[in-house]
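Participant: Dumping the structure here so I can ask a few things about it.
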Amino acid sequence: MYKILFRHYLLKSFRSPGFHKNLVINILTGLMIFYFVGIFILMGLLLPKMLGEIAPGQDPAATFNSILLIAVIIILIIRYLMQPLTRLNLELYQTLPIKRDTLINYVTLKPLLNPLNYITLCFVIPFAFSGVYPVYGVAGVFRFLFITVFLIWFNTLITPFLKRKFNNVLIVSMAFLGIGALLFALEAFDLFSIIQLSRHLFDFLLQTPLLWMAVLSLDVLAFLLNKFYFARNYYPENFEKRAKKKEKNKDTDLRKFTFMERFGKIGEIISLEMKLVFRHKRIKKALYMGLFFILYGLLIYPNSSYNESPGWLLLVAIFITGNGMITFGQWIINWDGGHFDFLMTRNIDSYDYINANYWLLISLSILSFIVTTPYFFFGREIMVYHLVALLYNTGVNVYVYLFGATFNTKRLELSEGSAMNMQGVSYKNFIVMIPLLIFPIAVVMIFSLFSASHIGLIIIALIGLTGILFREQLLKIIVKQFLRRKYALCAGFRKKG
């Protein structure tokens with residue numbers, strides 16, 4: 001029966017129209033995975049040397065054990081935020097002569113067969129022989145590898161349980177991040193050392209025969225928690241309750257953002273778009289992930305080596321101050337693909353539709369700028385870069401996104417997860433990024449060669465300001481392009497996949 005279920009899953013994947021249409025993207029993704037596999041293998045071989053430089057006088061295996069528990073916690077948080085849930089139409093299968101436990105076991109254990117779960121082994125296996133073997137011998141190598149696999153299984157099994165239990169609520173996501181921040185603070189102020197705990201725990205497990213198998217009990221516990229959840233929730237009457245609750249939530253969603261309707265037709269369209277954002281998990285998850293990318297500046301601005309490169313600083317400023325626009329701009333029209341025909345039959349002027357999307361992107365850019373104002377504490381120079389980036393995003397990038405969106409005819413399935421999901425993505429999403437980033441960086445870098453990077457920043461700011469002043473004319477150009485491409489968009493959005 002498990003063989004039949006997995007066969008159904010494979011047939012569903014290969015028969016999907018999007019599988020063949022996204023073949024180029026899938027090939028590029030596969031090449032990228034092979035690239036990272038090679039990097040991980042090389043890192044695993046060189047890690048003992050790197051750890052020896054980080055902690056002189058300490059064997060690399062002990063140093064690695066010190067950070068292993070932290071790595072497990074970080075990966076668990078990342079999985080909770082990004083790992084999609086295994087889906088199976090249990091209602092349909094339950095009408096067939098299939099044991100309910102078989103279906104539950106399939107849904108629970110299927111994530112363990114995902115090869116991406118084990119990509120870290122490409123890093124761990126070389127390190128096991130280059131760093132663990134000299135200290136713990138052959139037996140220690142096998143214990144180390146089994147412990148790593150068991151921890152991967154635990155993370156893979158416990159994450160779906162947490163996501164189903166807490167329904168991926170934003171408060172829970174913030175709670176996980178808060179726990180991570182608390183552990184970091186305890187370590188920083190020497191109140192409690194999770195590093196020392198991790199080192200002693202895994203050193204003890206590697207040196208003790210058979211006791212290392214206790215890690216497997218974590219996997220059993222995670223599996224039983226999933227079984228317990230399904231035992232209480234996956235019954236036909238629960239499906240009806242969830243359907244009614246979903247309909248009730250939809251009615252509640254309809255009453256959200258009604259204050260925007262006071263701004264006329266454009267306000268109504270923006271209200272609909274915002275309901276779309278908060279009703280579908282794919283866009284909602286993209287919004288949450290965008291918040292994390294805003295923290296990218298913490299890796300760059302404190303580093304003095306990056307502060308000497310004006311082009312790099314402007315790139316980071318454009319990226320984090322325009323994070324909301326970058327996240328949603330590439331899908332600004334095709335996220336309406338599921339109901340685009342309906343929109344085109346309504347009494348909605350094309351200019352109002354484009355103008356509403358324009359103000360939505362502008363609002364996201366301004367919001368991103370406001371959120372990143374704490375970076376101003378890194379110096380007046382950072383403030384200047386952020387202001388220039390804001391002008392460029394609102395005066396240039398917004399029009400490029402709106403114009404480029406008219407060429408993307410791939411319908412975006414909003415009900416699907418966002419993690420590792422390339423559905424609705426095409427090469428056009430990447431091409432549109434080129435003029436957004438390369439041009440301003442090139443201008444600033446050219447002037448920096450003559451120690452006049454400030455002139456480059458003034459030029460970029462003036463270009464952005466010009467775009468803001470000629471907003472009406474530029475929007476009319478985009479509206480004409482939208483009218484030329486409208487029927488191609490309608491035809492493309494009707495095709496699923």
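Each chain in the structure tokens gets a letter, A, B and so on, in the order shown; residues start at 1 in every chain, and ligands are counted from 1 in the order they appear.
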Write out as a list of chain:residue names which residues come within 9 Å of region 218-226 of chain A when counting only C-alpha atoms, dropping same-chain ones fewer than 3 positions away.
Facilitator: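 What passes the distance filter is A:Ile104, A:Asn105, A:Thr108, A:Leu109, A:Phe150, A:Leu151, A:Trp153, A:Phe154, A:Asn155, A:Leu157, A:Ile158, A:Thr159, A:Pro160, A:Phe161, A:Ala214, A:Val215, A:Tyr229, A:Phe230, A:Ala231.
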Participant: Please identify all polymer residues within 9 Å of region 63-76 of chain A, counting only C-alpha atoms, omitting same-chain residues fewer than 4 positions from it, and present them as a VMD selection string.
Facilitator: chain A and resid 48 51 to 52 54 to 55 58 to 59 80 to 81 151 to 152 155 to 156 158 to 159 180 194 to 203
Participant: With distances taken over only C-alpha atoms, which residue among A:His386, A:Lys110, A:Arg346, A:Arg79 lies nearest Leu5 (chain A)?
Facilitator: A:Lys110
Participant: So how far away is CA of Ile362 (chain A) from CA of Gln330 (chain A), in Å?
Facilitator: 13.9 Å
Participant: For Tyr106 (chain A), which residue out of A:Ile77, A:Ile478, A:Ile4, A:Ala181 is the nearest one, using only C-alpha atoms?
Facilitator: A:Ile4
